[in-house]
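Asks: This one is data-v4.cif, mmCIF, C-alpha atoms.
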data_work
#
loop_
_atom_site.label_atom_id
_atom_site.label_comp_id
_atom_site.auth_asym_id
_atom_site.auth_seq_id
_atom_site.Cartn_x
_atom_site.Cartn_y
_atom_site.Cartn_z
CA MET A 221 30.76 -38.91 -22.42
CA SER A 222 29.88 -38.15 -18.78
CA ALA A 223 33.14 -36.34 -17.88
CA PRO A 224 31.94 -32.75 -18.69
CA ALA A 225 29.11 -33.09 -16.14
CA ALA A 226 31.38 -32.26 -13.16
CA PRO A 227 32.27 -28.69 -14.29
CA ALA A 228 28.61 -28.05 -15.08
CA VAL A 229 27.56 -29.18 -11.60
CA ARG A 230 30.29 -27.04 -10.03
CA ALA A 231 29.19 -24.01 -12.07
CA SER A 232 25.59 -24.60 -11.02
CA ILE A 233 26.57 -24.74 -7.35
CA LEU A 234 28.63 -21.55 -7.66
CA SER A 235 25.82 -19.73 -9.45
CA ARG A 236 23.31 -20.75 -6.77
CA ALA A 237 25.71 -19.70 -4.02
CA GLY A 238 26.29 -16.35 -5.70
CA ALA A 239 22.55 -15.75 -6.12
CA THR A 240 21.96 -16.70 -2.48
CA LEU A 241 24.70 -14.33 -1.34
CA VAL A 242 23.23 -11.45 -3.35
CA LEU A 243 19.75 -12.12 -1.96
CA LEU A 244 21.16 -12.30 1.56
CA MET A 245 22.90 -8.95 1.13
CA PHE A 246 19.70 -7.29 -0.08
CA THR A 247 17.74 -8.90 2.75
CA VAL A 248 20.15 -7.48 5.31
CA TYR A 249 20.05 -4.11 3.56
CA PHE A 250 16.26 -3.92 3.88
CA LEU A 251 15.99 -5.40 7.38
CA VAL A 252 18.69 -3.36 9.14
CA PRO A 253 16.60 -0.13 9.17
CA LEU A 254 13.66 -2.06 10.64
CA TRP A 255 15.93 -3.62 13.27
CA TRP A 256 17.35 -0.18 14.12
CA LEU A 257 13.82 1.18 14.46
CA PHE A 258 12.80 -1.64 16.78
CA VAL A 259 15.93 -1.28 18.92
CA GLY A 260 15.48 2.50 19.09
CA ALA A 261 11.86 2.08 20.17
CA THR A 262 13.03 0.11 23.25
CA LYS A 263 15.39 2.80 24.59
CA ASN A 264 14.77 5.69 26.91
CA GLN A 265 15.49 9.33 26.18
CA GLY A 266 19.06 9.26 27.48
CA GLN A 267 20.07 6.24 25.39
CA PHE A 268 19.32 7.56 21.92
CA ALA A 269 22.55 9.51 21.46
CA GLY A 270 24.92 7.01 23.10
CA GLY A 271 25.35 3.27 23.19
CA ASN A 272 25.05 0.71 20.42
CA ALA A 273 22.51 1.85 17.86
CA LEU A 274 21.82 -1.74 16.74
CA TRP A 275 21.52 -3.41 20.13
CA PHE A 276 19.48 -3.04 23.28
CA ASP A 277 20.56 -1.10 26.37
CA HIS A 278 17.55 -1.26 28.67
CA PHE A 279 14.44 -2.82 27.16
CA GLN A 280 11.69 -0.26 27.87
CA PHE A 281 9.37 -0.91 24.97
CA GLY A 282 6.30 -1.30 27.20
CA THR A 283 7.00 1.97 28.98
CA ASN A 284 7.51 3.76 25.67
CA ILE A 285 4.23 2.37 24.32
CA SER A 286 2.46 3.61 27.45
CA LYS A 287 3.92 7.09 26.97
CA LEU A 288 2.85 7.06 23.33
CA MET A 289 -0.70 6.11 24.27
CA SER A 290 -1.05 8.82 26.90
CA TYR A 291 0.80 11.74 25.27
CA ASN A 292 -1.47 14.67 24.43
CA ASP A 293 -4.60 12.76 25.41
CA GLY A 294 -3.76 9.84 23.13
CA ILE A 295 -3.65 11.86 19.93
CA PHE A 296 -1.46 9.21 18.26
CA TRP A 297 -4.26 6.64 18.34
CA ARG A 298 -6.59 9.23 16.81
CA TRP A 299 -4.06 9.57 13.99
CA MET A 300 -3.92 5.79 13.60
CA LEU A 301 -7.70 5.58 13.36
CA ASN A 302 -7.68 8.39 10.82
CA SER A 303 -5.11 6.53 8.70
CA ILE A 304 -7.15 3.34 8.90
CA ALA A 305 -10.29 5.20 7.84
CA TYR A 306 -8.53 6.95 4.96
CA THR A 307 -6.68 3.85 3.82
CA VAL A 308 -9.07 0.93 4.20
CA GLY A 309 -12.03 2.81 2.76
CA ALA A 310 -10.09 4.36 -0.11
CA ALA A 311 -8.24 1.12 -0.93
CA ALA A 312 -11.42 -0.97 -0.90
CA LEU A 313 -13.52 1.42 -2.99
CA GLY A 314 -10.57 2.35 -5.20
CA THR A 315 -9.87 -1.32 -5.91
CA LEU A 316 -13.51 -1.93 -6.80
CA PHE A 317 -13.66 1.09 -9.13
CA ALA A 318 -10.31 0.26 -10.75
CA GLY A 319 -11.31 -3.38 -11.22
CA MET A 320 -14.64 -2.49 -12.81
CA CYS A 321 -13.07 0.12 -15.07
CA GLY A 322 -10.23 -2.20 -16.14
CA TYR A 323 -12.67 -5.03 -16.76
CA ALA A 324 -14.88 -2.80 -18.92
CA LEU A 325 -11.88 -1.62 -20.94
CA ALA A 326 -10.76 -5.21 -21.48
CA LYS A 327 -14.07 -6.92 -22.27
CA TYR A 328 -16.32 -4.34 -23.95
CA ARG A 329 -15.92 -2.70 -27.34
CA PHE A 330 -17.07 0.91 -27.54
CA PRO A 331 -15.97 4.09 -29.36
CA GLY A 332 -13.08 5.86 -27.72
CA ARG A 333 -11.99 2.86 -25.66
CA GLU A 334 -8.33 3.11 -26.58
CA THR A 335 -8.36 6.87 -26.14
CA LEU A 336 -9.81 6.46 -22.66
CA PHE A 337 -7.19 3.83 -21.82
CA ASN A 338 -4.41 6.13 -23.04
CA ILE A 339 -5.74 8.86 -20.76
CA VAL A 340 -5.59 6.39 -17.87
CA LEU A 341 -1.98 5.56 -18.76
CA GLY A 342 -1.24 9.26 -18.82
CA GLY A 343 -2.67 9.51 -15.32
CA VAL A 344 -0.15 6.90 -14.16
CA LEU A 345 2.68 9.16 -15.32
CA VAL A 346 1.43 12.33 -13.60
CA PRO A 347 3.22 12.79 -10.24
CA ALA A 348 1.11 13.37 -7.15
CA THR A 349 3.00 16.59 -6.41
CA ALA A 350 1.64 18.12 -9.62
CA LEU A 351 -1.96 17.44 -8.55
CA ALA A 352 -1.80 18.45 -4.89
CA LEU A 353 -2.17 22.21 -5.37
CA PRO A 354 -4.99 22.02 -7.98
CA LEU A 355 -6.85 19.62 -5.71
CA PHE A 356 -6.48 22.01 -2.80
CA LEU A 357 -7.85 24.89 -4.88
CA ILE A 358 -10.81 22.78 -6.02
CA PHE A 359 -11.71 21.65 -2.51
CA SER A 360 -11.24 25.19 -1.17
CA LYS A 361 -13.67 26.43 -3.79
CA PHE A 362 -16.31 24.09 -2.37
CA HIS A 363 -15.30 24.83 1.25
CA ALA A 364 -14.27 21.18 1.68
CA ALA A 365 -10.59 21.71 2.51
CA ASN A 366 -9.49 20.70 6.01
CA THR A 367 -12.11 17.94 6.09
CA PHE A 368 -12.00 14.15 5.98
CA TRP A 369 -13.26 14.16 2.38
CA ALA A 370 -10.41 16.36 1.17
CA VAL A 371 -8.05 13.42 1.69
CA PHE A 372 -10.44 10.52 1.17
CA ILE A 373 -11.97 11.42 -2.21
CA PRO A 374 -8.68 12.04 -4.11
CA SER A 375 -7.31 8.81 -2.62
CA LEU A 376 -9.97 6.80 -4.47
CA VAL A 377 -8.32 7.43 -7.83
CA ASN A 378 -5.94 4.66 -8.91
CA PRO A 379 -4.91 4.78 -12.60
CA PHE A 380 -2.30 2.06 -12.15
CA GLY A 381 -4.98 -0.21 -10.70
CA VAL A 382 -7.12 0.34 -13.82
CA TYR A 383 -4.18 -0.58 -16.02
CA LEU A 384 -3.40 -3.70 -13.98
CA ALA A 385 -7.06 -4.76 -13.92
CA ARG A 386 -7.38 -4.42 -17.69
CA VAL A 387 -4.27 -6.48 -18.35
CA TYR A 388 -5.33 -9.20 -15.91
CA ALA A 389 -8.95 -9.29 -17.07
CA ALA A 390 -7.89 -9.68 -20.69
CA ALA A 391 -5.71 -12.66 -19.76
CA SER A 392 -7.77 -14.42 -17.09
CA VAL A 393 -11.44 -13.96 -18.01
CA PRO A 394 -12.30 -16.07 -21.08
CA GLU A 395 -14.76 -14.68 -23.57
CA ASP A 396 -16.42 -18.12 -23.86
CA LEU A 397 -17.22 -18.08 -20.16
CA LEU A 398 -18.86 -14.65 -20.46
CA GLU A 399 -20.89 -15.80 -23.47
CA ALA A 400 -22.03 -18.86 -21.55
CA ALA A 401 -23.16 -16.65 -18.66
CA ARG A 402 -25.10 -14.39 -21.04
CA ILE A 403 -26.81 -17.39 -22.65
CA ASP A 404 -27.85 -18.55 -19.17
CA GLY A 405 -29.50 -15.18 -18.62
CA SER A 406 -26.93 -13.59 -16.31
CA GLY A 407 -26.74 -9.80 -16.53
CA GLU A 408 -23.46 -7.96 -16.98
CA VAL A 409 -23.29 -6.73 -13.39
CA ARG A 410 -24.12 -10.14 -11.98
CA THR A 411 -21.58 -11.79 -14.27
CA PHE A 412 -18.88 -9.42 -13.08
CA PHE A 413 -19.51 -9.93 -9.36
CA THR A 414 -20.20 -13.68 -9.43
CA ILE A 415 -17.77 -14.91 -12.11
CA SER A 416 -15.26 -12.34 -13.35
CA SER A 417 -14.37 -10.91 -9.96
CA ARG A 418 -13.46 -14.40 -8.70
CA LEU A 419 -11.21 -15.03 -11.67
CA MET A 420 -9.60 -11.61 -11.11
CA ALA A 421 -9.09 -12.15 -7.37
CA PRO A 422 -5.26 -12.12 -7.55
CA ALA A 423 -5.39 -8.82 -9.45
CA PHE A 424 -7.82 -7.34 -6.91
CA VAL A 425 -5.54 -8.34 -4.03
CA THR A 426 -2.51 -6.87 -5.81
CA ILE A 427 -4.33 -3.61 -6.56
CA PHE A 428 -5.60 -3.42 -2.98
CA LEU A 429 -2.13 -3.91 -1.49
CA PHE A 430 -0.52 -1.33 -3.76
CA HIS A 431 -3.35 1.11 -3.07
CA PHE A 432 -3.26 0.41 0.66
CA VAL A 433 0.48 1.14 0.89
CA ALA A 434 0.20 4.27 -1.28
CA VAL A 435 -2.62 5.80 0.76
CA TRP A 436 -1.15 4.78 4.13
CA ASN A 437 2.18 6.43 3.22
CA ASN A 438 0.52 9.46 1.64
CA PHE A 439 2.02 12.61 3.11
CA LEU A 440 1.88 15.54 0.70
CA LEU A 441 -1.90 15.57 0.17
CA PRO A 442 -2.77 15.61 3.92
CA LEU A 443 -0.02 18.19 4.49
CA ILE A 444 -1.65 20.57 1.99
CA MET A 445 -5.29 19.77 2.73
CA LEU A 446 -5.41 19.52 6.53
CA GLY A 447 -4.83 22.04 9.27
CA ASN A 448 -6.78 20.39 12.06
CA GLU A 449 -4.52 18.11 14.10
CA LYS A 450 -7.41 15.76 14.87
CA LEU A 451 -7.77 14.94 11.16
CA PHE A 452 -4.08 14.11 10.60
CA PRO A 453 -3.10 10.66 9.39
CA VAL A 454 -0.26 9.04 11.28
CA THR A 455 2.35 10.04 8.68
CA LEU A 456 1.56 13.74 9.04
CA GLY A 457 1.21 13.46 12.81
CA LEU A 458 4.67 11.91 13.21
CA TYR A 459 6.10 14.59 10.93
CA ALA A 460 4.53 17.27 13.12
CA TRP A 461 6.11 15.69 16.21
CA ASN A 462 9.47 15.31 14.52
CA SER A 463 9.50 18.99 13.56
CA GLN A 464 9.18 19.85 17.28
CA VAL A 465 12.00 17.61 18.54
CA ASP A 466 14.39 20.55 19.10
CA GLN A 467 11.87 22.25 21.39
CA ARG A 468 10.54 19.03 22.97
CA PRO A 469 13.29 16.37 23.12
CA GLU A 470 10.92 13.82 24.64
CA LEU A 471 9.17 13.60 21.28
CA ARG A 472 12.17 11.87 19.70
CA GLY A 473 11.38 8.60 21.44
CA LEU A 474 7.67 8.93 20.68
CA VAL A 475 8.44 9.42 16.98
CA LEU A 476 10.50 6.22 16.92
CA VAL A 477 7.88 4.18 18.75
CA GLY A 478 5.10 5.69 16.67
CA ALA A 479 6.94 4.93 13.43
CA LEU A 480 7.33 1.30 14.52
CA VAL A 481 3.66 0.98 15.44
CA SER A 482 2.57 2.69 12.23
CA ILE A 483 4.05 0.00 9.98
CA LEU A 484 2.23 -2.85 11.75
CA PRO A 485 -1.05 -2.48 9.76
CA MET A 486 0.84 -2.86 6.48
CA ILE A 487 2.60 -5.99 7.76
CA VAL A 488 -0.73 -7.43 8.90
CA ALA A 489 -2.32 -6.63 5.53
CA PHE A 490 0.44 -8.40 3.60
CA ILE A 491 0.40 -11.46 5.86
CA PHE A 492 -3.38 -11.76 5.78
CA LEU A 493 -3.79 -11.23 2.03
CA GLN A 494 -0.86 -13.25 0.74
CA ARG A 495 -2.90 -16.46 0.80
CA PHE A 496 -5.22 -14.90 -1.78
CA TRP A 497 -2.26 -13.85 -3.89
CA ARG A 498 -2.07 -16.84 -6.19
CA SER A 499 -2.90 -17.51 -9.77
CA GLY A 500 -4.75 -20.29 -11.47
CA LEU A 501 -8.11 -19.61 -9.83
CA GLY A 502 -9.83 -20.03 -13.17
CA THR A 503 -8.32 -23.43 -13.91
CA GLY A 504 -11.05 -25.87 -14.75
CA SER A 505 -13.77 -23.23 -15.18
CA ILE A 506 -14.06 -24.14 -18.87
CA LYS A 507 -14.07 -27.68 -20.13
#
What is this file in structure tokens?
Replies:
Amino acid sequence: MSAPAAPAVRASILSRAGATLVLLMFTVYFLVPLWWLFVGATKNQGQFAGGNALWFDHFQFGTNISKLMSYNDGIFWRWMLNSIAYTVGAAALGTLFAGMCGYALAKYRFPGRETLFNIVLGGVLVPATALALPLFLIFSKFHAANTFWAVFIPSLVNPFGVYLARVYAAASVPEDLLEAARIDGSGEVRTFFTISSRLMAPAFVTIFLFHFVAVWNNFLLPLIMLGNEKLFPVTLGLYAWNSQVDQRPELRGLVLVGALVSILPMIVAFIFLQRFWRSGLGTGSIK
């Protein structure tokens, strides 16, 4: 009776080994560009074209960072601060607005609720390229183009976050808990911020991370809206440098180092927020 167990165990081992091999291949596929970027950021101007692209020649990362900091009166760090201002503010407020809107769509009954939700879903499907020009015309009409607000205000909108918040609120916030809070005299706003928002914490973290990455990597909207170099986010600033590489070859190294530095805030955000990214926070809230 126990003889067929050996082939099953062998098949299980082979399947696990195959899955591990596939995951390893994808891991290498995603990490090689990052490794190339790091290696390239440690080379000097004469080593970019020759030598091993995936290994170090002369480790000059500190020197390259110093050049990046001092070039054009430190404009790169101005771009980094701009990106942080655009991204952190827009992601935080956008997550709050999306969470409140999704929660309202999930927990309140009112006329036109499904129609409103369908409009939100339609907003998810609209590409950003289709909205960039109308947004520019609107902000130009109010003489707000080429300002901080021309990038910040459109970045607050997050239809996918509303969708995700509604789905998560419907599944994680029990109606009985809300009724108990109302019986105890808690208002709707207080209930949301003291009870529902805690139960929806994993959804808020997920929305914030997605929004953070989207705004940080946003390129087309700043390209259309901004003409003042001092308002550029880091993505647009690096693009401006890269477009001048033929005339200024020294910018090639600065673009590589700047690209490496520019991804550090996203890595920090993921590492810091992953501990909040867990489910089951509402376990035990209802007996």
Asks: Figure out the distance between CA of Val344 in chain A and CA of Asn366 in chain A, please, to one decimal in Å.
Replies: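 Between CA of Asn366 in chain A and CA of Val344 in chain A the gap is 26.2 Å.
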Asks: I need the residue nearest Trp256 in chain A from this list: A:Leu480, A:Arg402, A:Arg468, A:Ala324. Use all atoms listed in the file for the distance.
Replies: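 With all atoms listed in the file as the atom set, the closest residue is A:Leu480.
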Asks: Just want the 10 Å neighbourhood of range 434-450 of chain A, counted on all atoms listed in the file, with same-chain residues fewer than 4 positions away dropped. Output as a PyMOL selection string.
Replies: chain A and resi 295-296+298-300+302-308+310-311+348-349+351-353+355-357+359-360+364-372+374-376+378+428-430+454-457+459-460+482-483+485-486
Asks: Kindly save the residues from that selection, with C-alpha atoms included, as a PDB file, in the coordinates of the input.
Replies:
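Saved result, result_2.pdb, follows:
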ATOM      1  CA  ILE A 295      -3.650  11.860  19.930  1.00  0.00           C
ATOM      2  CA  PHE A 296      -1.460   9.210  18.260  1.00  0.00           C
ATOM      3  CA  ARG A 298      -6.590   9.230  16.810  1.00  0.00           C
ATOM      4  CA  TRP A 299      -4.060   9.570  13.990  1.00  0.00           C
ATOM      5  CA  MET A 300      -3.920   5.790  13.600  1.00  0.00           C
ATOM      6  CA  ASN A 302      -7.680   8.390  10.820  1.00  0.00           C
ATOM      7  CA  SER A 303      -5.110   6.530   8.700  1.00  0.00           C
ATOM      8  CA  ILE A 304      -7.150   3.340   8.900  1.00  0.00           C
ATOM      9  CA  ALA A 305     -10.290   5.200   7.840  1.00  0.00           C
ATOM     10  CA  TYR A 306      -8.530   6.950   4.960  1.00  0.00           C
ATOM     11  CA  THR A 307      -6.680   3.850   3.820  1.00  0.00           C
ATOM     12  CA  VAL A 308      -9.070   0.930   4.200  1.00  0.00           C
ATOM     13  CA  ALA A 310     -10.090   4.360  -0.110  1.00  0.00           C
ATOM     14  CA  ALA A 311      -8.240   1.120  -0.930  1.00  0.00           C
ATOM     15  CA  ALA A 348       1.110  13.370  -7.150  1.00  0.00           C
ATOM     16  CA  THR A 349       3.000  16.590  -6.410  1.00  0.00           C
ATOM     17  CA  LEU A 351      -1.960  17.440  -8.550  1.00  0.00           C
ATOM     18  CA  ALA A 352      -1.800  18.450  -4.890  1.00  0.00           C
ATOM     19  CA  LEU A 353      -2.170  22.210  -5.370  1.00  0.00           C
ATOM     20  CA  LEU A 355      -6.850  19.620  -5.710  1.00  0.00           C
ATOM     21  CA  PHE A 356      -6.480  22.010  -2.800  1.00  0.00           C
ATOM     22  CA  LEU A 357      -7.850  24.890  -4.880  1.00  0.00           C
ATOM     23  CA  PHE A 359     -11.710  21.650  -2.510  1.00  0.00           C
ATOM     24  CA  SER A 360     -11.240  25.190  -1.170  1.00  0.00           C
ATOM     25  CA  ALA A 364     -14.270  21.180   1.680  1.00  0.00           C
ATOM     26  CA  ALA A 365     -10.590  21.710   2.510  1.00  0.00           C
ATOM     27  CA  ASN A 366      -9.490  20.700   6.010  1.00  0.00           C
ATOM     28  CA  THR A 367     -12.110  17.940   6.090  1.00  0.00           C
ATOM     29  CA  PHE A 368     -12.000  14.150   5.980  1.00  0.00           C
ATOM     30  CA  TRP A 369     -13.260  14.160   2.380  1.00  0.00           C
ATOM     31  CA  ALA A 370     -10.410  16.360   1.170  1.00  0.00           C
ATOM     32  CA  VAL A 371      -8.050  13.420   1.690  1.00  0.00           C
ATOM     33  CA  PHE A 372     -10.440  10.520   1.170  1.00  0.00           C
ATOM     34  CA  PRO A 374      -8.680  12.040  -4.110  1.00  0.00           C
ATOM     35  CA  SER A 375      -7.310   8.810  -2.620  1.00  0.00           C
ATOM     36  CA  LEU A 376      -9.970   6.800  -4.470  1.00  0.00           C
ATOM     37  CA  ASN A 378      -5.940   4.660  -8.910  1.00  0.00           C
ATOM     38  CA  PHE A 428      -5.600  -3.420  -2.980  1.00  0.00           C
ATOM     39  CA  LEU A 429      -2.130  -3.910  -1.490  1.00  0.00           C
ATOM     40  CA  PHE A 430      -0.520  -1.330  -3.760  1.00  0.00           C
ATOM     41  CA  VAL A 454      -0.260   9.040  11.280  1.00  0.00           C
ATOM     42  CA  THR A 455       2.350  10.040   8.680  1.00  0.00           C
ATOM     43  CA  LEU A 456       1.560  13.740   9.040  1.00  0.00           C
ATOM     44  CA  GLY A 457       1.210  13.460  12.810  1.00  0.00           C
ATOM     45  CA  TYR A 459       6.100  14.590  10.930  1.00  0.00           C
ATOM     46  CA  ALA A 460       4.530  17.270  13.120  1.00  0.00           C
ATOM     47  CA  SER A 482       2.570   2.690  12.230  1.00  0.00           C
ATOM     48  CA  ILE A 483       4.050   0.000   9.980  1.00  0.00           C
ATOM     49  CA  PRO A 485      -1.050  -2.480   9.760  1.00  0.00           C
ATOM     50  CA  MET A 486       0.840  -2.860   6.480  1.00  0.00           C
TER      51      MET A 486
END
Asks: Using the chain letters and numbering of this document, enumerate as a compact mmCIF listing (two decimals) with C-alpha atoms, in the frame of the given file the residues selected by the PyMOL selection byres ((chain A and resi 392) around 8).
Replies:
# COMPACT_ATOMS: atom_id res chain seq x y z
CA TYR A 388 -5.33 -9.20 -15.91
CA ALA A 389 -8.95 -9.29 -17.07
CA ALA A 390 -7.89 -9.68 -20.69
CA ALA A 391 -5.71 -12.66 -19.76
CA VAL A 393 -11.44 -13.96 -18.01
CA PRO A 394 -12.30 -16.07 -21.08
CA LEU A 419 -11.21 -15.03 -11.67
CA MET A 420 -9.60 -11.61 -11.11
CA GLY A 502 -9.83 -20.03 -13.17
Asks: From the list A:Tyr328, A:Tyr323, A:Tyr383, A:Phe432, which residue is nearest Leu341 in chain A when using all atoms listed in the file?
Replies: A:Tyr383
Asks: How about completing range 354-378 of chain A with N, CA and C atoms and giving it to me as a PDB file, in the coordinates of the input?
Replies:
ATOM      1  N   PRO A 354      -3.666  21.895  -7.346  1.00  0.00           N
ATOM      2  CA  PRO A 354      -4.990  22.020  -7.980  1.00  0.00           C
ATOM      3  C   PRO A 354      -6.100  21.390  -7.166  1.00  0.00           C
ATOM      4  N   LEU A 355      -5.836  20.256  -6.545  1.00  0.00           N
ATOM      5  CA  LEU A 355      -6.850  19.620  -5.710  1.00  0.00           C
ATOM      6  C   LEU A 355      -7.220  20.505  -4.522  1.00  0.00           C
ATOM      7  N   PHE A 356      -6.215  21.124  -3.931  1.00  0.00           N
ATOM      8  CA  PHE A 356      -6.480  22.010  -2.800  1.00  0.00           C
ATOM      9  C   PHE A 356      -7.353  23.189  -3.231  1.00  0.00           C
ATOM     10  N   LEU A 357      -7.057  23.755  -4.395  1.00  0.00           N
ATOM     11  CA  LEU A 357      -7.850  24.890  -4.880  1.00  0.00           C
ATOM     12  C   LEU A 357      -9.287  24.475  -5.171  1.00  0.00           C
ATOM     13  N   ILE A 358      -9.457  23.261  -5.726  1.00  0.00           N
ATOM     14  CA  ILE A 358     -10.810  22.780  -6.020  1.00  0.00           C
ATOM     15  C   ILE A 358     -11.604  22.572  -4.735  1.00  0.00           C
ATOM     16  N   PHE A 359     -11.000  21.906  -3.757  1.00  0.00           N
ATOM     17  CA  PHE A 359     -11.710  21.650  -2.510  1.00  0.00           C
ATOM     18  C   PHE A 359     -11.940  22.944  -1.718  1.00  0.00           C
ATOM     19  N   SER A 360     -11.028  23.896  -1.829  1.00  0.00           N
ATOM     20  CA  SER A 360     -11.240  25.190  -1.170  1.00  0.00           C
ATOM     21  C   SER A 360     -12.411  25.922  -1.787  1.00  0.00           C
ATOM     22  N   LYS A 361     -12.570  25.776  -3.101  1.00  0.00           N
ATOM     23  CA  LYS A 361     -13.670  26.430  -3.790  1.00  0.00           C
ATOM     24  C   LYS A 361     -15.010  25.942  -3.252  1.00  0.00           C
ATOM     25  N   PHE A 362     -15.068  24.673  -2.886  1.00  0.00           N
ATOM     26  CA  PHE A 362     -16.310  24.090  -2.370  1.00  0.00           C
ATOM     27  C   PHE A 362     -16.327  24.044  -0.841  1.00  0.00           C
ATOM     28  N   HIS A 363     -15.381  24.752  -0.214  1.00  0.00           N
ATOM     29  CA  HIS A 363     -15.300  24.830   1.250  1.00  0.00           C
ATOM     30  C   HIS A 363     -15.178  23.434   1.885  1.00  0.00           C
ATOM     31  N   ALA A 364     -14.452  22.558   1.188  1.00  0.00           N
ATOM     32  CA  ALA A 364     -14.270  21.180   1.680  1.00  0.00           C
ATOM     33  C   ALA A 364     -12.842  20.905   2.110  1.00  0.00           C
ATOM     34  N   ALA A 365     -11.942  21.901   2.016  1.00  0.00           N
ATOM     35  CA  ALA A 365     -10.590  21.710   2.510  1.00  0.00           C
ATOM     36  C   ALA A 365     -10.607  21.590   4.036  1.00  0.00           C
ATOM     37  N   ASN A 366      -9.596  20.943   4.562  1.00  0.00           N
ATOM     38  CA  ASN A 366      -9.490  20.700   6.010  1.00  0.00           C
ATOM     39  C   ASN A 366     -10.665  19.865   6.520  1.00  0.00           C
ATOM     40  N   THR A 367     -11.078  18.885   5.689  1.00  0.00           N
ATOM     41  CA  THR A 367     -12.110  17.940   6.090  1.00  0.00           C
ATOM     42  C   THR A 367     -11.624  16.525   5.746  1.00  0.00           C
ATOM     43  N   PHE A 368     -12.320  15.546   6.273  1.00  0.00           N
ATOM     44  CA  PHE A 368     -12.000  14.150   5.980  1.00  0.00           C
ATOM     45  C   PHE A 368     -12.068  13.869   4.481  1.00  0.00           C
ATOM     46  N   TRP A 369     -13.056  14.447   3.798  1.00  0.00           N
ATOM     47  CA  TRP A 369     -13.260  14.160   2.380  1.00  0.00           C
ATOM     48  C   TRP A 369     -12.168  14.739   1.507  1.00  0.00           C
ATOM     49  N   ALA A 370     -11.481  15.757   1.962  1.00  0.00           N
ATOM     50  CA  ALA A 370     -10.410  16.360   1.170  1.00  0.00           C
ATOM     51  C   ALA A 370      -9.255  15.393   0.948  1.00  0.00           C
ATOM     52  N   VAL A 371      -9.080  14.445   1.843  1.00  0.00           N
ATOM     53  CA  VAL A 371      -8.050  13.420   1.690  1.00  0.00           C
ATOM     54  C   VAL A 371      -8.638  12.140   1.119  1.00  0.00           C
ATOM     55  N   PHE A 372      -9.851  11.805   1.547  1.00  0.00           N
ATOM     56  CA  PHE A 372     -10.440  10.520   1.170  1.00  0.00           C
ATOM     57  C   PHE A 372     -10.803  10.462  -0.314  1.00  0.00           C
ATOM     58  N   ILE A 373     -11.485  11.468  -0.826  1.00  0.00           N
ATOM     59  CA  ILE A 373     -11.970  11.420  -2.210  1.00  0.00           C
ATOM     60  C   ILE A 373     -10.827  11.349  -3.223  1.00  0.00           C
ATOM     61  N   PRO A 374      -9.783  12.201  -3.144  1.00  0.00           N
ATOM     62  CA  PRO A 374      -8.680  12.040  -4.110  1.00  0.00           C
ATOM     63  C   PRO A 374      -7.961  10.699  -3.992  1.00  0.00           C
ATOM     64  N   SER A 375      -7.996  10.093  -2.807  1.00  0.00           N
ATOM     65  CA  SER A 375      -7.310   8.810  -2.620  1.00  0.00           C
ATOM     66  C   SER A 375      -8.013   7.659  -3.318  1.00  0.00           C
ATOM     67  N   LEU A 376      -9.249   7.864  -3.775  1.00  0.00           N
ATOM     68  CA  LEU A 376      -9.970   6.800  -4.470  1.00  0.00           C
ATOM     69  C   LEU A 376      -9.422   6.547  -5.866  1.00  0.00           C
ATOM     70  N   VAL A 377      -8.779   7.533  -6.442  1.00  0.00           N
ATOM     71  CA  VAL A 377      -8.320   7.430  -7.830  1.00  0.00           C
ATOM     72  C   VAL A 377      -7.061   6.576  -7.894  1.00  0.00           C
ATOM     73  N   ASN A 378      -7.071   5.576  -8.797  1.00  0.00           N
ATOM     74  CA  ASN A 378      -5.940   4.660  -8.910  1.00  0.00           C
ATOM     75  C   ASN A 378      -5.740   4.259 -10.371  1.00  0.00           C
TER      76      ASN A 378
END
